[in-house]
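A.B. asks: Okay, so here is upload_34.cif, and as you'll see once you scroll down, it has mmCIF, C-alpha atoms.
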data_query
#
loop_
_atom_site.label_atom_id
_atom_site.label_comp_id
_atom_site.auth_asym_id
_atom_site.auth_seq_id
_atom_site.Cartn_x
_atom_site.Cartn_y
_atom_site.Cartn_z
CA MET M 138 62.35 157.04 148.16
CA CYS M 139 63.66 159.44 150.81
CA ASN M 140 65.09 156.52 152.75
CA GLY M 141 66.85 155.36 149.62
CA PHE M 142 68.46 158.75 149.21
CA LEU M 143 69.48 158.82 152.86
CA VAL M 144 71.12 155.43 152.60
CA PHE M 145 72.91 156.43 149.44
CA ALA M 146 74.08 159.81 150.74
CA TYR M 147 75.17 158.20 153.98
CA THR M 148 77.11 155.58 152.05
CA LEU M 149 78.71 158.26 149.90
CA VAL M 150 79.71 160.25 152.95
CA LYS M 151 81.00 157.17 154.75
CA CYS M 152 82.97 156.10 151.72
CA LYS M 153 84.55 159.49 151.64
CA MET M 154 85.28 159.46 155.36
CA LYS M 155 87.07 156.16 155.01
CA GLY M 156 89.01 157.26 151.98
CA GLY M 157 86.72 156.04 149.22
CA VAL M 158 86.06 158.36 146.38
CA GLY M 159 82.85 158.69 144.44
CA ILE M 160 81.08 155.62 143.25
CA GLY M 161 81.19 153.24 140.36
CA ALA M 162 84.29 152.52 138.30
CA PHE M 163 86.05 155.66 139.52
CA SER M 164 86.04 154.39 143.13
CA PHE M 165 87.67 151.12 142.19
CA GLU M 166 90.40 152.83 140.19
CA TYR M 167 91.15 155.08 143.13
CA ALA M 168 91.35 152.07 145.46
CA TYR M 169 93.59 150.28 142.95
CA ASP M 170 96.01 153.18 142.48
CA THR M 171 96.14 154.08 146.15
CA TYR M 172 96.57 150.62 147.63
CA TYR M 173 98.30 148.61 144.91
CA LYS M 174 101.65 149.12 146.62
CA ASN M 175 100.31 148.07 150.03
CA VAL M 176 98.68 144.93 148.65
CA TYR M 177 101.75 144.04 146.59
CA ASN M 178 104.05 144.42 149.59
CA TYR M 179 101.75 142.40 151.83
CA VAL M 180 101.63 139.58 149.28
CA SER M 181 105.40 139.72 148.80
CA PHE M 182 106.10 139.52 152.52
CA ARG M 183 103.89 136.48 152.73
CA ILE M 184 104.97 134.54 149.69
CA ASN M 185 108.27 136.08 148.56
CA ASN M 186 107.85 135.06 144.97
CA HIS M 187 108.06 137.93 142.49
CA PHE M 188 106.71 135.84 139.64
CA ASP M 189 103.57 134.81 141.46
CA ALA M 190 103.11 138.08 143.37
CA GLU M 191 101.67 139.99 140.43
CA GLU M 192 99.27 137.17 139.62
CA ILE M 193 98.10 137.05 143.23
CA VAL M 194 97.73 140.83 143.40
CA SER M 195 95.68 140.66 140.20
CA GLY M 196 93.46 138.05 141.89
CA VAL M 197 93.04 140.27 144.94
CA PHE M 198 91.86 143.27 142.96
CA GLU M 199 89.66 141.18 140.72
CA LYS M 200 87.91 139.85 143.80
CA ALA M 201 87.72 143.37 145.22
CA TYR M 202 86.14 144.66 142.02
CA THR M 203 83.53 141.92 142.13
CA LYS M 204 82.72 142.66 145.75
CA PHE M 205 83.02 146.44 145.58
CA GLY M 206 79.28 146.88 145.64
CA THR M 207 79.09 145.11 148.98
CA TYR M 208 81.94 147.00 150.59
CA SER M 209 80.72 148.72 153.72
CA PRO M 210 82.90 151.51 155.13
CA GLU M 211 81.10 151.09 158.45
CA ARG M 212 82.69 147.69 158.90
CA ALA M 213 86.24 148.46 157.78
CA GLY M 214 88.40 151.08 156.14
CA LEU M 215 89.15 150.54 152.48
CA GLU M 216 92.77 149.55 153.10
CA ALA M 217 91.80 147.09 155.82
CA TRP M 218 89.15 145.60 153.53
CA LEU M 219 91.67 145.10 150.73
CA ILE M 220 94.25 143.57 153.06
CA GLY M 221 91.55 141.23 154.35
CA ILE M 222 90.88 140.03 150.80
CA SER M 223 94.65 139.75 150.22
CA LYS M 224 94.98 137.55 153.30
CA ASN M 225 92.38 135.12 152.01
CA VAL M 226 93.76 135.04 148.47
CA VAL M 227 97.29 134.36 149.73
CA THR M 228 96.00 131.63 152.04
CA ASP M 229 94.26 129.98 149.09
CA TYR M 230 97.43 130.27 147.03
CA LEU M 231 99.59 128.67 149.72
CA ARG M 232 97.05 125.92 150.19
CA ARG M 233 97.05 125.23 146.44
CA LYS M 234 100.80 125.24 146.25
CA LYS M 235 100.96 123.02 149.33
CA ARG M 236 104.25 124.35 150.34
CA ARG M 237 105.55 126.37 153.22
CA PHE M 238 107.04 129.82 152.99
CA PHE M 239 110.27 129.62 151.02
CA VAL M 240 113.07 131.85 149.90
CA PRO M 241 114.20 131.56 146.29
CA LEU M 242 117.89 132.12 146.98
CA ASP M 243 118.75 132.78 143.36
CA GLU M 244 116.23 135.59 143.03
CA ILE M 245 117.53 139.14 143.03
CA PHE M 246 115.30 142.01 144.01
CA ASN M 247 115.80 144.94 141.74
CA LEU M 248 114.19 147.77 143.59
CA ARG M 249 114.14 150.67 141.23
CA SER M 250 114.69 154.05 142.72
CA GLU M 251 115.55 157.31 141.07
CA ASP M 252 117.80 158.22 143.97
CA ALA M 253 119.54 154.88 144.49
CA THR M 254 122.97 154.08 143.15
CA PRO M 255 123.85 150.53 142.11
CA ASP M 256 125.69 150.12 145.42
CA ASP M 257 122.58 151.26 147.33
CA ILE M 258 120.42 148.77 145.44
CA ALA M 259 122.89 145.94 146.03
CA VAL M 260 122.95 146.71 149.75
CA ARG M 261 119.17 147.01 149.90
CA ASN M 262 118.71 143.78 148.01
CA GLU M 263 120.91 141.97 150.48
CA GLU M 264 119.06 143.47 153.44
CA ASN M 265 115.70 142.55 151.96
CA ARG M 266 116.79 139.02 151.27
CA GLY M 267 118.00 138.77 154.85
CA LEU M 268 114.68 140.16 156.07
CA ILE M 269 112.66 137.72 153.99
CA ALA M 270 114.86 134.80 155.11
CA ALA M 271 114.30 135.83 158.72
CA MET M 272 110.54 136.17 158.14
CA ALA M 273 110.54 132.57 156.91
CA LYS M 274 111.54 131.42 160.38
CA LEU M 275 108.51 132.95 162.03
CA GLY M 276 105.26 131.14 162.68
CA ASP M 277 102.41 131.64 160.23
CA ARG M 278 100.39 133.95 162.44
CA GLU M 279 103.47 136.00 163.34
CA ARG M 280 104.30 136.38 159.67
CA GLN M 281 100.74 137.36 158.77
CA ILE M 282 100.63 140.05 161.44
CA LEU M 283 104.04 141.47 160.60
CA SER M 284 103.24 141.43 156.89
CA MET M 285 100.22 143.60 157.62
CA LYS M 286 102.26 145.93 159.84
CA PHE M 287 105.07 146.28 157.30
CA ALA M 288 102.92 146.64 154.22
CA SER M 289 100.03 148.76 155.40
CA GLY M 290 99.05 151.52 157.76
CA LEU M 291 96.61 149.30 159.61
CA LYS M 292 96.35 149.80 163.35
CA ASN M 293 96.38 146.81 165.69
CA VAL M 294 92.62 146.99 166.11
CA GLU M 295 92.15 146.75 162.33
CA ILE M 296 94.62 143.87 162.04
CA ALA M 297 92.78 142.11 164.85
CA ASP M 298 89.46 142.56 163.08
CA THR M 299 90.91 141.20 159.82
CA MET M 300 92.40 138.16 161.51
CA GLY M 301 89.55 137.49 163.92
CA VAL M 302 91.68 137.80 167.04
CA SER M 303 91.83 140.29 169.89
CA GLU M 304 93.69 143.55 169.66
CA SER M 305 95.90 142.62 172.62
CA ASN M 306 96.76 139.34 170.87
CA VAL M 307 97.95 141.30 167.83
CA GLY M 308 100.02 143.66 169.98
CA VAL M 309 101.71 140.90 171.93
CA THR M 310 102.30 138.71 168.87
CA ALA M 311 103.71 141.62 166.86
CA HIS M 312 106.03 142.64 169.68
CA ARG M 313 107.38 139.10 170.12
CA ALA M 314 107.69 138.51 166.39
CA LEU M 315 109.61 141.76 165.90
CA LYS M 316 112.03 140.82 168.66
CA LYS M 317 112.55 137.40 167.08
CA LEU M 318 113.07 138.96 163.66
CA MET M 319 115.65 141.40 165.00
CA LYS M 320 117.44 138.52 166.72
CA TYR M 321 117.46 136.39 163.52
CA LEU M 322 118.87 139.29 161.55
CA GLU M 323 121.67 139.81 164.04
CA GLU M 324 122.73 136.17 163.78
CA MET H 23 118.41 149.71 166.78
CA GLY H 24 115.13 150.03 168.70
CA GLU H 25 111.97 148.13 167.86
CA ASP H 26 110.15 151.19 166.52
CA GLU H 27 113.10 152.13 164.33
CA PHE H 28 113.32 148.58 163.00
CA LEU H 29 109.60 148.50 162.26
CA GLU H 30 109.85 151.79 160.40
CA LYS H 31 112.77 150.49 158.35
CA CYS H 32 110.80 147.37 157.39
CA ARG H 33 107.86 149.56 156.37
CA GLN H 34 110.07 151.33 153.87
CA VAL H 35 110.74 148.13 151.95
CA ASP H 36 108.82 148.38 148.69
CA PHE H 37 108.57 145.30 146.50
CA SER H 38 105.98 146.90 144.25
CA ALA H 39 108.75 148.68 142.33
CA GLU H 40 109.34 145.27 140.71
CA SER H 41 105.81 145.17 139.37
CA GLU H 42 105.83 145.79 135.63
CA HIS H 43 102.20 145.19 134.78
CA LYS H 44 100.25 147.42 137.13
CA ARG H 45 98.27 149.19 134.42
CA GLU H 46 97.73 146.05 132.38
CA ILE H 47 96.30 144.27 135.40
CA LEU H 48 93.80 147.06 135.97
CA GLU H 49 92.74 147.12 132.33
CA LYS H 50 92.38 143.36 132.31
CA ILE H 51 90.12 143.47 135.36
CA LEU H 52 87.93 146.23 133.98
CA ASN H 53 87.70 144.68 130.52
CA LYS H 54 87.05 141.23 131.90
CA ARG H 55 84.13 142.40 134.00
CA GLU H 56 82.65 144.23 131.04
CA ASN H 57 82.99 141.15 128.82
CA ILE H 58 81.41 138.93 131.45
CA LYS H 59 78.51 141.34 131.79
CA MET H 60 78.04 141.33 128.03
CA LYS H 61 78.28 137.54 127.75
CA LYS H 62 75.87 136.96 130.60
CA ILE H 63 73.31 139.10 128.92
CA GLY H 64 73.21 136.85 125.86
CA LYS H 65 70.36 136.57 123.39
CA LYS H 66 67.66 135.91 125.95
CA GLY H 67 68.86 138.75 128.10
CA THR H 68 68.91 141.09 125.15
CA LEU H 69 65.28 140.31 124.43
CA VAL H 70 64.34 140.87 128.06
CA ILE H 71 66.15 144.20 128.15
CA ALA H 72 64.56 145.26 124.88
CA ALA H 73 61.11 144.35 126.20
CA ALA H 74 61.77 146.24 129.42
CA ALA H 75 62.92 149.28 127.48
CA VAL H 76 59.75 149.24 125.40
CA LEU H 77 57.64 148.92 128.53
CA VAL H 78 59.43 151.79 130.21
CA CYS H 79 59.12 154.05 127.21
CA ALA H 80 55.44 153.20 126.92
CA SER H 81 54.92 153.97 130.59
CA ALA H 82 56.75 157.25 130.22
CA PHE H 83 54.52 158.13 127.31
CA VAL H 84 51.36 157.13 129.16
CA TYR H 85 52.12 158.71 132.49
CA GLY H 86 54.13 161.57 131.09
CA GLY H 87 55.99 162.32 134.24
CA LEU H 88 58.50 159.50 134.48
CA ARG H 89 62.04 160.42 133.64
CA ILE H 90 64.86 157.99 133.87
CA PHE H 91 68.57 158.65 133.95
CA LYS H 92 68.36 162.38 133.63
CA THR H 93 71.99 163.36 134.11
CA GLU H 94 73.43 166.77 134.78
CA LYS H 95 77.12 167.40 134.52
CA VAL H 96 78.98 169.89 136.64
CA GLY H 97 82.43 170.63 135.30
CA ASP H 98 84.41 167.85 133.62
CA TYR H 99 84.50 165.33 136.44
CA ALA H 100 81.11 165.23 138.16
CA ALA H 101 77.77 163.88 137.01
CA TYR H 102 74.46 163.77 138.83
CA THR H 103 71.79 161.34 137.76
CA ALA H 104 68.15 161.45 138.80
CA ALA H 105 66.83 157.93 138.64
CA GLU H 106 63.26 158.97 139.21
CA GLU H 107 61.38 162.23 139.31
CA THR H 108 59.46 163.00 142.43
CA ASN H 109 56.72 165.45 143.17
CA ASN H 110 57.63 165.48 146.82
CA LYS H 111 59.20 168.86 147.37
CA ASP H 112 59.03 168.58 151.13
CA THR H 113 62.57 167.98 152.30
CA SER H 114 61.86 168.21 156.00
CA ASP H 115 62.11 164.44 156.40
CA ILE H 116 65.56 164.33 154.95
CA SER H 117 68.47 164.77 157.24
CA VAL H 118 72.00 163.56 156.83
CA THR H 119 73.42 165.49 159.76
CA THR H 120 73.11 162.77 162.36
CA ARG H 121 74.54 160.14 160.01
CA VAL H 122 77.45 162.40 159.15
CA ASN H 123 78.15 162.99 162.81
CA GLU H 124 78.44 159.27 163.39
CA THR H 125 81.32 158.91 161.00
CA ALA H 126 84.82 158.71 162.34
CA GLY H 127 88.33 158.34 161.13
CA GLY H 128 89.39 161.79 159.98
CA ASN H 129 92.10 164.09 161.30
CA TYR H 130 90.63 167.22 162.78
CA PHE H 131 92.23 170.64 162.80
CA LYS H 132 90.71 173.45 164.81
CA SER H 133 92.03 176.42 162.87
CA LEU H 134 90.77 177.76 159.57
CA ASP H 135 94.43 178.45 158.72
CA ASP H 136 94.83 174.69 158.31
CA LYS H 137 92.99 174.87 155.02
CA LYS H 138 96.46 175.65 153.75
CA TYR H 139 97.09 171.91 153.47
CA PHE H 140 94.46 171.59 150.79
CA ILE H 141 96.04 171.07 147.39
CA THR H 142 94.88 174.44 146.09
CA GLU H 143 93.29 177.62 147.39
CA ALA H 144 89.91 176.75 148.90
CA LEU H 145 87.12 179.24 149.44
CA LEU H 146 85.29 179.67 152.72
CA PRO H 147 81.70 180.79 153.26
CA SER H 148 81.29 184.29 154.62
CA TYR H 149 77.62 183.62 155.34
CA LEU H 150 76.37 181.05 157.84
CA PRO H 151 72.83 180.53 159.14
CA SER H 152 72.16 182.04 162.55
CA GLY H 153 73.86 180.22 165.41
CA TYR H 154 76.40 178.36 163.30
CA ALA H 155 80.13 178.76 163.76
CA PHE H 156 83.26 177.10 162.46
CA ASP H 157 84.17 173.97 164.40
CA ALA H 158 86.92 172.05 162.60
CA ILE H 159 88.58 171.11 159.33
CA GLU H 160 88.80 167.40 158.69
CA TYR H 161 91.33 165.67 156.46
CA PHE H 162 91.32 161.95 155.62
CA GLY H 163 94.87 161.13 156.51
CA ASP H 164 97.78 163.35 157.51
CA PRO H 165 97.84 166.36 155.19
CA THR H 166 101.19 167.55 156.56
CA LYS H 167 102.97 164.61 154.93
CA SER H 168 103.41 164.62 151.18
CA ASP H 169 103.59 160.88 150.52
CA ASP H 170 99.96 160.61 149.47
CA PRO H 171 98.86 163.55 147.30
CA ASN H 172 95.25 162.38 147.36
CA VAL H 173 94.96 163.22 151.07
CA ASN H 174 95.24 166.89 150.19
CA LYS H 175 92.45 166.69 147.61
CA PHE H 176 89.71 166.23 150.22
CA MET H 177 88.76 168.43 153.12
CA ASN H 178 85.60 168.71 155.23
CA LEU H 179 84.65 172.01 156.81
CA HIS H 180 82.48 171.48 159.89
CA TYR H 181 80.17 174.21 161.14
CA LYS H 182 78.12 173.60 164.28
CA ASN H 183 75.17 175.01 166.13
CA GLY H 184 74.86 172.89 169.23
CA ASP H 185 74.19 169.36 167.98
CA ASP H 186 73.27 170.52 164.51
CA GLU H 187 75.90 170.57 161.86
CA ILE H 188 76.51 171.81 158.35
CA ILE H 189 79.30 170.15 156.45
CA VAL H 190 81.01 171.54 153.41
CA MET H 191 82.95 168.79 151.67
CA VAL H 192 85.71 170.37 149.62
CA ARG H 193 87.02 168.21 146.83
CA TYR H 194 89.67 168.95 144.22
CA MET H 195 88.27 167.75 140.91
CA ASP H 196 90.42 165.76 138.53
CA GLU H 197 90.41 162.32 136.96
CA SER H 198 91.20 160.59 140.21
CA THR H 199 88.42 162.29 142.16
CA ALA H 200 85.73 162.17 139.48
CA PHE H 201 82.38 160.79 140.57
CA GLU H 202 78.81 160.13 139.58
CA PHE H 203 76.08 160.77 142.11
CA VAL H 204 72.78 158.92 141.67
CA SER H 205 69.75 160.35 143.36
CA ASN H 206 66.25 158.99 143.44
CA GLY H 207 65.02 162.52 143.92
CA ASP H 208 65.20 165.64 141.82
CA VAL H 209 68.46 166.80 140.33
CA THR H 210 68.29 170.48 139.44
CA LYS H 211 71.09 172.36 137.79
CA ILE H 212 71.37 176.02 138.75
CA ASP H 213 73.77 178.90 138.35
CA ILE H 214 75.30 180.62 141.37
CA ASN H 215 77.45 183.67 140.67
CA GLY H 216 78.28 182.28 137.22
CA ASN H 217 79.32 178.88 138.59
CA GLU H 218 77.58 175.59 137.84
CA ALA H 219 75.76 174.01 140.75
CA VAL H 220 73.39 171.11 141.31
CA GLN H 221 70.70 170.80 143.92
CA THR H 222 69.47 167.47 145.18
CA ALA H 223 67.43 166.96 148.32
CA ASN H 224 69.07 168.98 151.14
CA LYS H 225 72.40 169.00 149.34
CA LEU H 226 73.99 171.51 147.04
CA ASP H 227 77.16 170.97 145.02
CA ILE H 228 78.92 173.87 143.37
CA GLU H 229 82.17 173.81 141.42
CA ILE H 230 84.37 176.91 141.53
CA ASN H 231 87.77 176.98 139.80
CA GLY H 232 88.08 173.21 139.68
CA VAL H 233 87.11 172.65 143.31
CA MET H 234 83.77 171.08 144.23
CA TYR H 235 82.06 172.37 147.35
CA MET H 236 79.42 169.87 148.50
CA LEU H 237 77.12 171.49 151.04
CA TYR H 238 75.11 169.25 153.35
CA GLY H 239 72.28 170.86 155.31
CA ASN H 240 69.99 169.44 157.95
CA ASP H 241 66.39 169.71 159.19
CA SER H 242 66.69 173.41 159.85
CA VAL H 243 69.13 174.33 157.08
CA GLY H 244 67.34 173.75 153.81
CA ALA H 245 67.92 174.44 150.16
CA ASP H 246 67.51 178.24 150.37
CA GLU H 247 70.11 178.51 153.12
CA LEU H 248 72.51 176.29 151.21
CA VAL H 249 72.20 178.60 148.21
CA LYS H 250 73.06 181.59 150.42
CA ILE H 251 76.10 179.76 151.83
CA ALA H 252 77.22 178.85 148.31
CA GLN H 253 76.76 182.42 147.15
CA SER H 254 79.02 183.63 149.96
CA LEU H 255 82.00 181.40 149.12
CA GLU H 256 85.02 183.66 148.78
#
Translate the structure of the given file into structure tokens.
C.D. replies:
Amino acid sequence: MCNGFLVFAYTLVKCKMKGGVGIGAFSFEYAYDTYYKNVYNYVSFRINNHFDAEEIVSGVFEKAYTKFGTYSPERAGLEAWLIGISKNVVTDYLRRKKRRFFVPLDEIFNLRSEDATPDDIAVRNEENRGLIAAMAKLGDRERQILSMKFASGLKNVEIADTMGVSESNVGVTAHRALKKLMKYLEE
Amino acid sequence: MGEDEFLEKCRQVDFSAESEHKREILEKILNKRENIKMKKIGKKGTLVIAAAAVLVCASAFVYGGLRIFKTEKVGDYAAYTAAEETNNKDTSDISVTTRVNETAGGNYFKSLDDKKYFITEALLPSYLPSGYAFDAIEYFGDPTKSDDPNVNKFMNLHYKNGDDEIIVMVRYMDESTAFEFVSNGDVTKIDINGNEAVQTANKLDIEINGVMYMLYGNDSVGADELVKIAQSLE
């Protein structure tokens, strides 16, 4: 009985330390509100399809809700855990679609911003399309790593843990991929 | 443009502004899980649950001391549920200090002035057990940046006496930080200086002006000391 309390209190404390809040349905809602943007951006960088992105994000959080009881803050921070699920869901999606990363050239990103003028949005849309087109030229692992770096606050060690590679591998790959991306965008 | 600058620029790209169904997705997930739970129960499950409920009620009647799901509320956003009553009042076996010390990942500030980053005015204890002194304030994220308001809703106050530690978790209570705590020990609601508080084994939670102070003791700092610390919050 005492051990059960210890485990529970420990879990509660750990959840809080890693950013989790409370338990039960409230924790999931907090995770959803806090990391929706990060997950959406990660998915978008990987698949660049607005119409499918929401469906994939929905799949990510549905899976997260199912597995929330097994989430262990000792193994990974909440954001890293969600990005890990996102990675697997996107991989499944790409496998199902059986197509490589593509850029829908007729799609226009309409990034809403209270501060942006129509000219700002047009310029940003063009930059983003250029960025996505350049991302498409990278290798799959390079794109996965950069998607995590762009979309989340994960450190290299967390990215390495999510991808099952070494931290130095992530650092080197990210550095090379960034250089390539910058070069593609200059062309 | 340097690599770091380029990386930062890419990090500012936000596709989620395009998302039009964020709330609907959440509701769908929550409703779907509830419907699945209800469907899975079915007729057979309903009979099993009904039988179990009868058995439990009968046991409670026979043994007289079994209470299930006794819930105490503190404020509007916190609930404490005792899953089982215990006669074991000896809390000397219970210690969360070591486990708490093993956690990592927060940002530590060494000055009490840094409580200013908390979302509202937070009280500090004027009483500490002998030998204990302030060590650090811990935030979960960078409280000096305003891009995530939830970071400023949580703050840990660490007080140390050698290797022993008392932690006061300070938590701003609203819908987003609401919680339910389930304990398989006693849950006792008390009043401290006109404020609602709950005692569970070696832990005391007290809400004052919409802020929850969750006091964690250790082997040598028990319930009585936690009450004194809570009484001294000012």
A.B. asks: Could you give me, as number ranges by chain, the residues that have an atom at most 8 Å away from the point (93.1, 141.8, 149.2) in the coordinates of the file, using all atoms listed in the file?
C.D. replies: M: 176, 194, 197-198, 200-201, 218-226
A.B. asks: The PyMOL selection byres ((chain H) within 6 of (chain M)) - which residues does that actually catch in the file I just gave you? List them as JSON, numbers by chain.
C.D. replies: {"H": [32, 33, 37, 38, 39, 51, 201]}
A.B. asks: When you draw a straight line from CA of Asn293 in chain M to CA of Phe176 in chain H, how long is it in Å?
C.D. replies: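 Computed distance, CA of Asn293 in chain M to CA of Phe176 in chain H, equals 25.7 Å.
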A.B. asks: Just say which residues the PyMOL selection byres ((chain H and resi 219-223) around 8) picks in this file, as a PyMOL selection string.
C.D. replies: chain H and resi 94+96+102+113+116+205+207-214+217-218+224-229+245
A.B. asks: To verify the selection step, state as a PyMOL selection string which residues the PyMOL selection byres ((chain H and resi 154) around 12) yields on this input.
C.D. replies: chain H and resi 147-153+155-157+180-189+239+242-243+247+251
